[in-house]
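Here is the file final.cif (mmCIF, C-alpha atoms and all ligand atoms).
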data_coords
#
loop_
_atom_site.label_atom_id
_atom_site.label_comp_id
_atom_site.auth_asym_id
_atom_site.auth_seq_id
_atom_site.Cartn_x
_atom_site.Cartn_y
_atom_site.Cartn_z
CA MET D 1 -18.07 26.64 -17.12
CA SER D 2 -14.62 25.18 -16.63
CA GLU D 3 -14.25 21.43 -16.70
CA LEU D 4 -14.14 19.75 -13.28
CA ARG D 5 -10.91 17.90 -12.56
CA HIS D 6 -9.48 15.94 -9.65
CA PRO D 7 -7.49 18.06 -7.16
CA ILE D 8 -3.76 18.58 -7.71
CA GLY D 9 -1.72 15.66 -6.41
CA THR D 10 -4.58 13.17 -6.64
CA PHE D 11 -5.69 10.86 -9.46
CA ASP D 12 -8.46 8.59 -10.69
CA VAL D 13 -7.96 4.93 -11.47
CA LEU D 14 -10.27 3.42 -14.10
CA THR D 15 -10.37 -0.08 -15.54
CA PRO D 16 -8.29 -1.79 -16.74
CA ASP D 17 -5.68 -0.13 -14.45
CA SER D 18 -7.86 -0.62 -11.41
CA ARG D 19 -7.69 -4.39 -12.00
CA ARG D 20 -4.00 -4.21 -11.09
CA TRP D 21 -4.95 -2.55 -7.81
CA GLU D 22 -7.32 -5.39 -7.07
CA THR D 23 -4.62 -7.93 -7.91
CA LEU D 24 -2.05 -6.12 -5.76
CA VAL D 25 -4.32 -5.96 -2.72
CA GLY D 26 -5.37 -9.60 -3.26
CA VAL D 27 -1.76 -10.76 -3.38
CA PHE D 28 -0.93 -8.74 -0.27
CA ALA D 29 -3.89 -10.18 1.64
CA ARG D 30 -2.89 -13.70 0.64
CA VAL D 31 0.73 -13.22 1.76
CA VAL D 32 0.01 -11.62 5.14
CA GLU D 33 -3.12 -13.62 6.01
CA GLY D 34 -0.99 -16.68 5.38
CA ALA D 35 1.11 -15.50 8.35
CA GLY D 36 -1.80 -14.82 10.72
CA TYR D 37 -2.45 -11.12 10.08
CA GLY D 38 -6.09 -9.98 10.05
CA LEU D 39 -7.60 -6.95 8.30
CA VAL D 40 -8.11 -3.83 10.43
CA LEU D 41 -10.15 -0.82 9.29
CA THR D 42 -9.70 2.59 10.92
CA PRO D 43 -11.15 6.00 10.01
CA THR D 44 -9.52 8.14 7.34
CA PHE D 45 -9.47 11.04 9.79
CA GLU D 46 -8.56 11.18 13.46
CA ASP D 47 -8.26 13.74 16.21
CA LEU D 48 -5.25 15.87 15.35
CA SER D 49 -3.62 14.86 18.64
CA VAL D 50 -3.22 11.23 17.43
CA PHE D 51 -0.61 12.40 14.94
CA GLN D 52 0.83 15.23 16.99
CA ARG D 53 1.83 12.69 19.61
CA VAL D 54 3.81 10.60 17.14
CA GLY D 55 5.69 13.21 15.19
CA ALA D 56 5.45 16.74 16.54
CA SER D 57 8.90 17.64 15.21
CA THR D 58 8.66 15.94 11.81
CA ASP D 59 7.86 17.49 8.43
CA ILE D 60 5.04 14.99 7.93
CA VAL D 61 3.18 16.36 10.96
CA ARG D 62 4.44 19.96 11.09
CA LYS D 63 4.21 20.94 7.44
CA GLU D 64 2.34 18.37 5.39
CA MET D 65 -0.74 17.47 7.38
CA TYR D 66 -4.26 18.15 6.16
CA ASP D 67 -5.73 19.41 9.42
CA PHE D 68 -8.83 21.46 9.96
CA GLU D 69 -11.54 22.31 12.42
CA ASP D 70 -14.80 20.46 11.79
CA LYS D 71 -18.26 21.95 12.18
CA GLY D 72 -18.27 20.89 15.83
CA GLY D 73 -15.06 22.77 16.53
CA ARG D 74 -12.92 19.61 16.80
CA ARG D 75 -9.34 19.64 15.53
CA ILE D 76 -9.21 16.90 12.90
CA ALA D 77 -6.47 15.56 10.61
CA LEU D 78 -6.68 13.38 7.52
CA ARG D 79 -4.28 10.56 8.33
CA PRO D 80 -0.76 11.10 6.92
CA GLU D 81 0.12 7.48 7.76
CA MET D 82 -1.54 4.45 9.27
CA THR D 83 0.59 3.30 12.19
CA ALA D 84 -0.62 6.01 14.58
CA SER D 85 -4.26 5.14 13.77
CA VAL D 86 -3.69 1.42 14.29
CA VAL D 87 -1.93 2.12 17.60
CA ARG D 88 -4.84 4.33 18.63
CA ALA D 89 -7.24 1.49 17.76
CA TYR D 90 -5.09 -1.00 19.69
CA ILE D 91 -5.17 1.19 22.78
CA GLN D 92 -8.91 1.74 22.47
CA HIS D 93 -9.88 -1.93 21.99
CA ARG D 94 -7.03 -3.77 23.75
CA PRO D 95 -7.11 -6.95 21.62
CA THR D 96 -5.12 -9.85 23.10
CA THR D 97 -1.51 -9.95 22.06
CA PRO D 98 0.23 -10.91 19.94
CA TRP D 99 -2.07 -8.82 17.75
CA LYS D 100 -1.21 -8.98 14.06
CA ALA D 101 -3.11 -6.62 11.79
CA TRP D 102 -2.97 -5.64 8.11
CA TYR D 103 -4.48 -2.67 6.33
CA VAL D 104 -5.00 -0.98 3.00
CA GLY D 105 -6.05 2.62 2.55
CA SER D 106 -5.25 6.16 1.54
CA ASN D 107 -3.06 8.72 3.31
CA PHE D 108 -2.82 12.45 2.83
CA ARG D 109 0.26 14.66 2.80
CA TYR D 110 0.48 18.21 1.50
CA GLU D 111 3.64 17.69 -0.56
CA SER D 112 4.82 19.05 -3.92
CA PRO D 113 3.22 16.61 -6.33
CA GLN D 114 5.50 14.85 -8.79
CA ALA D 115 5.84 11.35 -10.24
CA GLY D 116 5.62 8.95 -7.30
CA ARG D 117 4.70 11.69 -4.82
CA TYR D 118 1.03 12.50 -4.39
CA ARG D 119 -1.16 14.36 -1.91
CA GLU D 120 -3.44 11.37 -1.55
CA PHE D 121 -1.61 8.07 -1.88
CA HIS D 122 -2.30 4.50 -0.86
CA GLN D 123 -0.51 2.03 1.33
CA VAL D 124 -0.79 -1.61 2.27
CA GLY D 125 0.87 -2.54 5.53
CA ILE D 126 1.04 -4.65 8.66
CA GLU D 127 1.55 -3.99 12.36
CA ALA D 128 2.35 -6.61 15.02
CA PHE D 129 1.99 -5.84 18.72
CA GLY D 130 3.15 -7.62 21.86
CA ALA D 131 6.49 -9.29 21.12
CA VAL D 132 10.04 -7.99 21.51
CA ASP D 133 11.46 -11.07 19.78
CA ALA D 134 13.85 -10.22 16.94
CA ASP D 135 12.37 -13.16 15.03
CA LEU D 136 9.23 -11.04 14.67
CA ASP D 137 11.37 -8.38 12.97
CA VAL D 138 12.55 -11.10 10.60
CA GLU D 139 8.95 -12.23 9.96
CA VAL D 140 7.76 -8.71 9.20
CA ILE D 141 10.66 -7.84 6.91
CA ALA D 142 10.37 -11.19 5.15
CA LEU D 143 6.63 -10.72 4.50
CA GLY D 144 7.28 -7.43 2.69
CA TRP D 145 10.03 -9.10 0.70
CA GLU D 146 7.80 -12.07 -0.13
CA PHE D 147 5.03 -9.75 -1.32
CA TYR D 148 7.30 -7.94 -3.79
CA ARG D 149 8.52 -11.31 -5.08
CA ALA D 150 4.92 -12.51 -5.46
CA LEU D 151 4.21 -9.49 -7.67
CA GLY D 152 7.13 -10.48 -9.86
CA LEU D 153 9.47 -7.69 -8.70
CA ARG D 154 13.13 -8.71 -8.68
CA ARG D 155 15.00 -5.41 -8.37
CA ILE D 156 14.21 -4.57 -4.75
CA GLN D 157 16.97 -3.63 -2.33
CA LEU D 158 16.39 -4.11 1.39
CA LEU D 159 18.05 -1.49 3.60
CA VAL D 160 18.33 -2.16 7.33
CA ASN D 161 19.48 -0.10 10.30
CA SER D 162 19.09 0.01 14.07
CA LEU D 163 18.15 3.20 15.89
CA GLY D 164 18.85 1.85 19.38
CA ASP D 165 16.49 2.17 22.33
CA ALA D 166 15.96 4.18 25.51
CA THR D 167 19.30 2.92 26.85
CA CYS D 168 21.62 3.70 23.94
CA ARG D 169 19.76 6.37 21.98
CA PRO D 170 20.24 9.22 24.54
CA PRO D 171 24.04 8.87 24.76
CA TYR D 172 24.21 8.52 20.97
CA ARG D 173 22.02 11.59 20.57
CA ALA D 174 24.38 13.54 22.82
CA LEU D 175 27.32 12.37 20.74
CA LEU D 176 25.55 13.37 17.53
CA LEU D 177 24.61 16.78 18.95
CA GLU D 178 28.20 17.44 19.94
CA TYR D 179 29.34 16.51 16.45
CA LEU D 180 26.67 18.68 14.79
CA GLU D 181 27.52 21.61 17.06
CA GLY D 182 31.03 21.50 15.61
CA ARG D 183 29.66 21.32 12.04
CA ARG D 184 26.84 23.87 12.52
CA ASP D 185 28.10 26.15 9.75
CA ASP D 186 28.04 23.30 7.23
CA LEU D 187 24.32 22.51 7.75
CA CYS D 188 21.51 23.64 5.45
CA ASP D 189 19.68 26.88 6.35
CA GLU D 190 16.73 25.09 7.89
CA HIS D 191 18.76 22.78 10.07
CA ARG D 192 21.47 25.23 11.19
CA GLU D 193 19.07 26.77 13.69
CA ARG D 194 16.90 23.76 14.43
CA PHE D 195 19.15 20.70 14.50
CA ALA D 196 19.02 20.46 18.30
CA ASP D 197 15.21 19.81 18.22
CA ASN D 198 15.71 16.53 16.45
CA PRO D 199 19.34 15.84 15.48
CA LEU D 200 18.46 12.51 13.81
CA ARG D 201 16.61 14.42 11.08
CA ILE D 202 19.94 15.72 9.74
CA LEU D 203 20.81 12.16 8.79
CA ASP D 204 18.04 11.96 6.20
CA CYS D 205 18.05 15.62 5.09
CA LYS D 206 18.20 15.55 1.30
CA ARG D 207 20.12 18.84 0.91
CA PRO D 208 23.73 18.27 -0.19
CA THR D 209 25.27 20.32 2.66
CA CYS D 210 23.57 18.28 5.39
CA HIS D 211 24.22 15.12 3.39
CA ALA D 212 27.98 15.71 3.56
CA VAL D 213 27.78 16.37 7.31
CA ALA D 214 25.69 13.22 7.82
CA ALA D 215 28.17 11.07 5.94
CA GLU D 216 30.84 11.74 8.58
CA ALA D 217 28.53 11.73 11.60
CA PRO D 218 28.78 9.05 14.30
CA LYS D 219 26.47 6.10 13.52
CA GLN D 220 23.90 4.76 15.98
CA VAL D 221 24.54 1.22 14.83
CA GLU D 222 28.13 1.55 16.06
CA HIS D 223 26.92 2.73 19.47
CA LEU D 224 24.28 0.15 20.39
CA CYS D 225 23.83 -1.16 23.93
CA ASP D 226 24.19 -4.92 24.43
CA GLY D 227 20.44 -5.55 24.19
CA CYS D 228 20.12 -3.66 20.91
CA ALA D 229 23.29 -5.17 19.47
CA THR D 230 22.02 -8.69 20.20
CA HIS D 231 18.62 -7.81 18.71
CA PHE D 232 20.22 -6.43 15.55
CA ALA D 233 22.47 -9.47 15.16
CA ARG D 234 19.53 -11.86 15.58
CA THR D 235 17.46 -9.86 13.05
CA THR D 236 20.12 -9.67 10.37
CA GLY D 237 21.18 -13.26 11.06
CA GLY D 238 17.56 -14.32 10.55
CA LEU D 239 17.43 -12.53 7.20
CA ASP D 240 20.62 -14.32 6.17
CA SER D 241 19.11 -17.61 7.24
CA LEU D 242 16.03 -16.98 5.07
CA GLY D 243 18.24 -16.03 2.13
CA ILE D 244 16.99 -12.42 2.04
CA PRO D 245 19.81 -10.11 0.99
CA TRP D 246 20.08 -6.89 3.03
CA THR D 247 22.29 -3.83 3.06
CA LEU D 248 23.27 -1.86 6.16
CA ALA D 249 22.04 1.75 5.81
CA THR D 250 23.46 3.67 8.78
CA ASP D 251 21.56 6.88 7.92
CA LEU D 252 18.13 5.23 7.63
CA VAL D 253 16.16 7.10 10.31
CA ARG D 254 12.71 7.25 8.61
CA GLY D 255 10.28 10.14 8.57
CA LEU D 256 8.61 9.76 11.97
CA ASP D 257 10.10 9.82 15.45
CA TYR D 258 8.65 6.74 17.04
CA TYR D 259 11.08 4.10 15.82
CA THR D 260 13.33 2.05 18.11
CA ARG D 261 15.82 -0.65 17.19
CA THR D 262 15.14 -2.07 13.72
CA THR D 263 14.27 0.28 10.85
CA PHE D 264 14.16 -0.83 7.24
CA GLU D 265 13.23 0.33 3.79
CA TYR D 266 12.70 -1.36 0.45
CA ALA D 267 14.14 0.54 -2.52
CA GLY D 268 12.91 -0.13 -6.06
CA LEU D 269 16.14 -0.11 -8.03
CA ALA D 270 14.26 0.18 -11.33
CA LEU D 271 12.87 3.57 -10.21
CA GLN D 272 14.47 7.01 -10.21
CA SER D 273 16.39 7.35 -6.98
CA ALA D 274 14.54 10.40 -5.61
CA GLN D 275 11.28 8.47 -5.39
CA ASN D 276 12.52 4.91 -5.19
CA ALA D 277 11.35 3.98 -1.66
CA VAL D 278 8.59 1.44 -2.30
CA GLY D 279 8.04 0.79 1.40
CA GLY D 280 9.50 1.00 4.84
CA GLY D 281 8.94 0.37 8.50
CA GLY D 282 10.45 -0.48 11.81
CA ARG D 283 10.04 -1.32 15.45
CA TYR D 284 8.30 1.11 17.81
CA ASP D 285 8.56 -0.38 21.28
CA GLY D 286 7.75 2.89 23.09
CA LEU D 287 4.92 4.18 20.91
CA VAL D 288 1.89 2.50 22.50
CA GLU D 289 2.90 3.81 25.92
CA GLU D 290 3.71 7.27 24.53
CA MET D 291 0.20 7.40 23.09
CA GLY D 292 -1.32 6.58 26.46
CA GLY D 293 -1.63 2.79 26.29
CA PRO D 294 -0.07 -0.05 28.27
CA ALA D 295 3.63 -0.61 27.53
CA THR D 296 3.49 -2.85 24.44
CA PRO D 297 6.20 -3.40 21.85
CA GLY D 298 5.30 -3.20 18.17
CA ILE D 299 6.71 -3.41 14.67
CA GLY D 300 5.29 -2.89 11.20
CA PHE D 301 5.70 -1.57 7.70
CA ALA D 302 3.81 0.46 5.12
CA LEU D 303 4.28 -0.06 1.39
CA GLY D 304 3.34 2.58 -1.20
CA VAL D 305 0.90 1.16 -3.76
CA GLU D 306 1.56 3.81 -6.45
CA ARG D 307 5.33 3.38 -6.16
CA ILE D 308 5.03 -0.40 -6.28
CA LEU D 309 2.95 -0.16 -9.47
CA MET D 310 5.58 2.18 -10.95
CA ALA D 311 8.25 -0.40 -10.08
CA CYS D 312 6.09 -3.10 -11.71
CA ASP D 313 5.89 -0.97 -14.88
CA ALA D 314 9.65 -0.41 -14.83
CA GLU D 315 10.30 -4.14 -14.41
CA GLY D 316 7.56 -5.17 -16.86
CA THR D 317 5.58 -7.24 -14.38
CA LEU D 318 1.95 -7.31 -13.16
CA PRO D 319 0.16 -6.45 -16.43
CA SER D 320 -3.44 -5.23 -16.17
CA PRO D 321 -5.54 -8.36 -16.48
CA PRO D 322 -8.31 -7.77 -19.02
CA ALA D 323 -11.78 -7.43 -17.49
CA THR D 324 -13.78 -10.32 -18.84
CA VAL D 325 -17.09 -12.04 -18.43
CA ASP D 326 -17.75 -15.68 -19.35
CA VAL D 327 -20.88 -15.19 -21.38
CA PHE D 328 -22.43 -12.36 -23.40
CA VAL D 329 -26.12 -12.53 -24.21
CA VAL D 330 -27.06 -11.15 -27.63
CA ASP D 331 -30.80 -10.56 -27.79
CA PHE D 332 -32.51 -8.95 -30.80
CA ALA D 333 -35.96 -10.27 -29.93
CA GLY D 334 -36.90 -7.50 -27.52
CA GLY D 335 -34.51 -7.89 -24.59
CA SER D 336 -36.54 -10.06 -22.20
CA ALA D 337 -34.30 -13.08 -22.82
CA ALA D 338 -31.19 -11.00 -22.13
CA ARG D 339 -32.75 -9.71 -18.90
CA ASP D 340 -33.74 -13.15 -17.62
CA LEU D 341 -30.77 -15.17 -18.89
CA THR D 342 -28.12 -12.85 -17.46
CA ALA D 343 -29.88 -13.03 -14.07
CA GLN D 344 -30.04 -16.85 -14.19
CA LEU D 345 -26.42 -17.15 -15.27
CA ARG D 346 -25.22 -14.78 -12.53
CA SER D 347 -27.21 -16.72 -9.92
CA ALA D 348 -25.35 -19.83 -11.07
CA GLY D 349 -22.02 -18.02 -10.52
CA ILE D 350 -21.35 -17.44 -14.22
CA ARG D 351 -20.10 -13.97 -15.16
CA ALA D 352 -22.51 -12.60 -17.73
CA ASP D 353 -23.10 -9.32 -19.52
CA ARG D 354 -25.40 -7.96 -22.22
CA ALA D 355 -26.13 -4.84 -24.26
CA PHE D 356 -28.98 -2.41 -23.56
CA ASP D 357 -31.22 -0.05 -25.52
CA GLY D 358 -32.13 -2.51 -28.31
CA ARG D 359 -28.82 -2.17 -30.16
CA SER D 360 -28.48 -3.83 -33.59
CA PRO D 361 -27.26 -7.44 -33.74
CA LYS D 362 -24.00 -6.19 -35.29
CA ALA D 363 -23.40 -3.72 -32.44
CA GLN D 364 -24.25 -6.40 -29.88
CA PHE D 365 -21.79 -8.87 -31.39
CA LYS D 366 -19.13 -6.19 -31.30
CA SER D 367 -19.79 -5.69 -27.59
CA ALA D 368 -19.67 -9.46 -27.13
CA ASP D 369 -16.21 -9.51 -28.75
CA ARG D 370 -14.99 -6.66 -26.56
CA SER D 371 -16.31 -8.32 -23.40
CA GLY D 372 -13.79 -11.15 -23.65
CA ALA D 373 -16.63 -13.69 -23.22
CA ARG D 374 -15.91 -17.23 -24.33
CA LEU D 375 -19.52 -17.88 -25.28
CA ALA D 376 -22.29 -15.80 -26.80
CA LEU D 377 -25.90 -16.77 -26.20
CA VAL D 378 -27.96 -15.54 -29.13
CA VAL D 379 -31.75 -15.02 -29.08
CA GLY D 380 -33.49 -13.72 -32.21
CA PRO D 381 -37.22 -13.81 -32.98
CA ASP D 382 -36.98 -17.45 -34.24
CA GLU D 383 -35.32 -18.67 -31.01
CA GLU D 384 -37.74 -16.65 -28.94
CA ALA D 385 -40.66 -18.39 -30.69
CA ALA D 386 -39.07 -21.86 -30.42
CA GLY D 387 -37.99 -21.43 -26.77
CA THR D 388 -34.32 -21.99 -27.64
CA VAL D 389 -31.01 -20.16 -27.37
CA VAL D 390 -28.13 -20.42 -29.82
CA VAL D 391 -24.87 -21.12 -28.01
CA ARG D 392 -21.95 -19.75 -29.97
CA PRO D 393 -18.27 -20.06 -29.02
CA MET D 394 -16.49 -16.74 -29.50
CA ALA D 395 -13.22 -18.33 -30.59
CA GLY D 396 -12.08 -21.46 -32.42
CA ASP D 397 -14.41 -23.03 -34.96
CA ARG D 398 -17.37 -20.99 -33.68
CA GLN D 399 -19.63 -24.05 -34.21
CA GLN D 400 -22.95 -22.85 -32.91
CA ARG D 401 -25.99 -24.88 -31.93
CA PRO D 402 -29.43 -24.33 -30.46
CA VAL D 403 -30.15 -25.42 -26.89
CA GLU D 404 -33.52 -25.46 -25.18
CA ARG D 405 -34.00 -22.44 -22.94
CA HIS D 406 -34.46 -24.42 -19.70
CA ARG D 407 -31.23 -26.35 -20.32
CA VAL D 408 -29.03 -23.43 -21.27
CA VAL D 409 -27.50 -22.64 -17.86
CA ALA D 410 -26.52 -26.27 -17.36
CA GLU D 411 -25.09 -26.43 -20.88
CA VAL D 412 -23.08 -23.23 -20.42
CA SER D 413 -21.70 -24.55 -17.10
CA ARG D 414 -20.63 -27.72 -18.87
CA LEU D 415 -18.92 -25.84 -21.71
CA LEU D 416 -17.10 -23.47 -19.34
CA ALA D 417 -15.90 -26.19 -16.97
CA PRO D 418 -12.10 -26.41 -16.98
P1 LIG D 501 6.80 6.49 4.80
O1 LIG D 501 6.22 5.92 6.04
O2 LIG D 501 6.71 7.96 4.69
O3 LIG D 501 8.19 5.98 4.51
O4 LIG D 501 5.89 5.91 3.64
C1 LIG D 501 5.90 4.55 3.33
C2 LIG D 501 5.82 4.39 1.83
O5 LIG D 501 4.67 5.09 1.32
C3 LIG D 501 6.98 5.00 1.08
O6 LIG D 501 8.05 4.10 1.02
C4 LIG D 501 6.39 5.28 -0.28
O7 LIG D 501 6.37 4.10 -1.03
C5 LIG D 501 4.96 5.64 0.05
N1 LIG D 501 4.76 7.11 0.09
C6 LIG D 501 5.04 7.98 1.09
N2 LIG D 501 4.69 9.23 0.76
C7 LIG D 501 4.15 9.18 -0.48
C8 LIG D 501 3.56 10.13 -1.36
N3 LIG D 501 3.44 11.42 -1.05
N4 LIG D 501 3.11 9.70 -2.57
C9 LIG D 501 3.21 8.39 -2.92
N5 LIG D 501 3.73 7.45 -2.11
C10 LIG D 501 4.20 7.82 -0.91
#

What does the file become when written as structure tokens?
Amino acid sequence: MSELRHPIGTFDVLTPDSRRWETLVGVFARVVEGAGYGLVLTPTFEDLSVFQRVGASTDIVRKEMYDFEDKGGRRIALRPEMTASVVRAYIQHRPTTPWKAWYVGSNFRYESPQAGRYREFHQVGIEAFGAVDADLDVEVIALGWEFYRALGLRRIQLLVNSLGDATCRPPYRALLLEYLEGRRDDLCDEHRERFADNPLRILDCKRPTCHAVAAEAPKQVEHLCDGCATHFARTTGGLDSLGIPWTLATDLVRGLDYYTRTTFEYAGLALQSAQNAVGGGGRYDGLVEEMGGPATPGIGFALGVERILMACDAEGTLPSPPATVDVFVVDFAGGSAARDLTAQLRSAGIRADRAFDGRSPKAQFKSADRSGARLALVVGPDEEAAGTVVVRPMAGDRQQRPVERHRVVAEVSRLLAP
């Protein structure tokens, strides 16, 4: 029988690597909860229509989605991103605004797997609903920035653009279409026939032919209406005021269609450029209404956990913290002391572990060493008979001494106290 393996484009995370995931999510929660964002949980799958409404003409929805019919005949999709799900939840529950939510979870895209590009990948992110204020754009962008800094990342580049709104996007789109019409023969095979469906897509097409056309195309940021221009100036001015360096990226259109005004991406400069986006987001003032809810502005970002960890490796930050317990109980008097002591220690909030299956004292001490415990509690037949436990420091002078059984938890607490 062939060995079972995880599906292509997915992976397992075991300790100690998984400890970094815990740290990363903990740091993210601390940063965003410190700004009033609360955790939101949504299902991993949704009705297909949730995603079709947000990106019917994008690769993410057209080509890469894991969609299927369930046993009840419903059209279902594994989420390719989180924003649409959070918007769906907002519309369904109508929390009072401003509503500031954060999330962590996996997304699914049927892509060609390679380093930094998986079929199931994980994101942390935030979404904020109910304010058009450009200072909220500054808050959101700054929180992403702050999070990378808190992980120890220093080589992050912030790219910012504006995609305009319902006033200035249509005339810009017409201008872009006219330009692309004239350059039709220079576009890649896929876009030559289809550019009119979604002309903005040409701007982030990775093929060299389209890239050259995009470089000379008119830029939305140079054709903003007064409202969008003021918003963009306030946003970038706010970043300057907070000392967050940013770079104008006129071709930053992002992979889904719902963005208005501010879009941004964080690039990990220590990573290979093809897969160096460690996160991105933007404003989506029309999305809630497009999805059937009350007109409500919104903005958010999603950051790729795997890419961030790759950037941490490349920059030599966020090492895997060793998994440790405080105390290891070595029992070669039958195991009852190990059973009862570990339970008592854990009840007292002390991290404790032990060996099973009556291993030899030597094997148990080896496990104690590996556990990272600062103290070993040793119970042999003599201690068992005398009702004592030998407390033995695992480092330093290793001066060990017997303690009466009923006093051992208190004694351990005293020794472990900072
Ligand atoms: P997107 O909304 O597509 O820009 O995704 C946001 C972030 O998620 C990206 O900046 C990446 O860090 C990460 N990401 C997107 N797709 C993948 C993937 N297939 N594998 C790993 N990470 C991804």

All residues having an atom within 10 Å of ligand LIG 501 (chain D) (all atoms listed in the file) as number ranges by chain: D: 9-10, 60, 64, 80-83, 106-125, 253-256, 264-268, 275-282, 301-308

Exercise: D:Gly300 partners within 10 Å, all atoms listed in the file, chain neighbours under 6 positions left out, as number ranges by chain: D: 83, 100-102, 125-129, 136-137, 140-141, 144, 263-264, 280-284

Within 7 Å of (-6.8, 21.9, 12.7), all atoms listed in the file: residues as an mmCIF file with C-alpha atoms, keeping the file's coordinate frame?
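Contents of the output file result_1.cif:
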data_model
loop_
_atom_site.group_PDB
_atom_site.id
_atom_site.type_symbol
_atom_site.label_atom_id
_atom_site.label_comp_id
_atom_site.auth_asym_id
_atom_site.auth_seq_id
_atom_site.Cartn_x
_atom_site.Cartn_y
_atom_site.Cartn_z
ATOM 1 C CA LEU D 48 -5.250 15.870 15.350
ATOM 2 C CA ASP D 67 -5.730 19.410 9.420
ATOM 3 C CA PHE D 68 -8.830 21.460 9.960
ATOM 4 C CA GLU D 69 -11.540 22.310 12.420
ATOM 5 C CA ARG D 75 -9.340 19.640 15.530
ATOM 6 C CA ILE D 76 -9.210 16.900 12.900
ATOM 7 C CA ALA D 77 -6.470 15.560 10.610
#

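For stretch 392-395 of chain D, the list of residues within 8 Å, based on all atoms listed in the file and with local chain neighbours fewer than 5 positions off taken out, reads Asp369, Ala373, Arg374, Leu375, Ala376, Leu377, Val378, Gln400 and Arg401 of chain D.
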
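Residues in contact with D:Thr167 at up to 9 Å, not including ones fewer than 4 positions away on its chain and judged by all atoms listed in the file, are Pro171, Leu224, Cys225, Gly227 and Cys228 of chain D.
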
Write a file of the just-selected residues containing C-alpha atoms, as a CSV table (one decimal), in the coordinates of the input.
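The resulting file, result_31.csv, is reproduced below:
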chain,number,residue,atom,x,y,z
D,171,PRO,CA,24.0,8.9,24.8
D,224,LEU,CA,24.3,0.2,20.4
D,225,CYS,CA,23.8,-1.2,23.9
D,227,GLY,CA,20.4,-5.6,24.2
D,228,CYS,CA,20.1,-3.7,20.9

d(atom CA of D:Met291, atom CA of D:Arg74) in Å: 19.0 Å
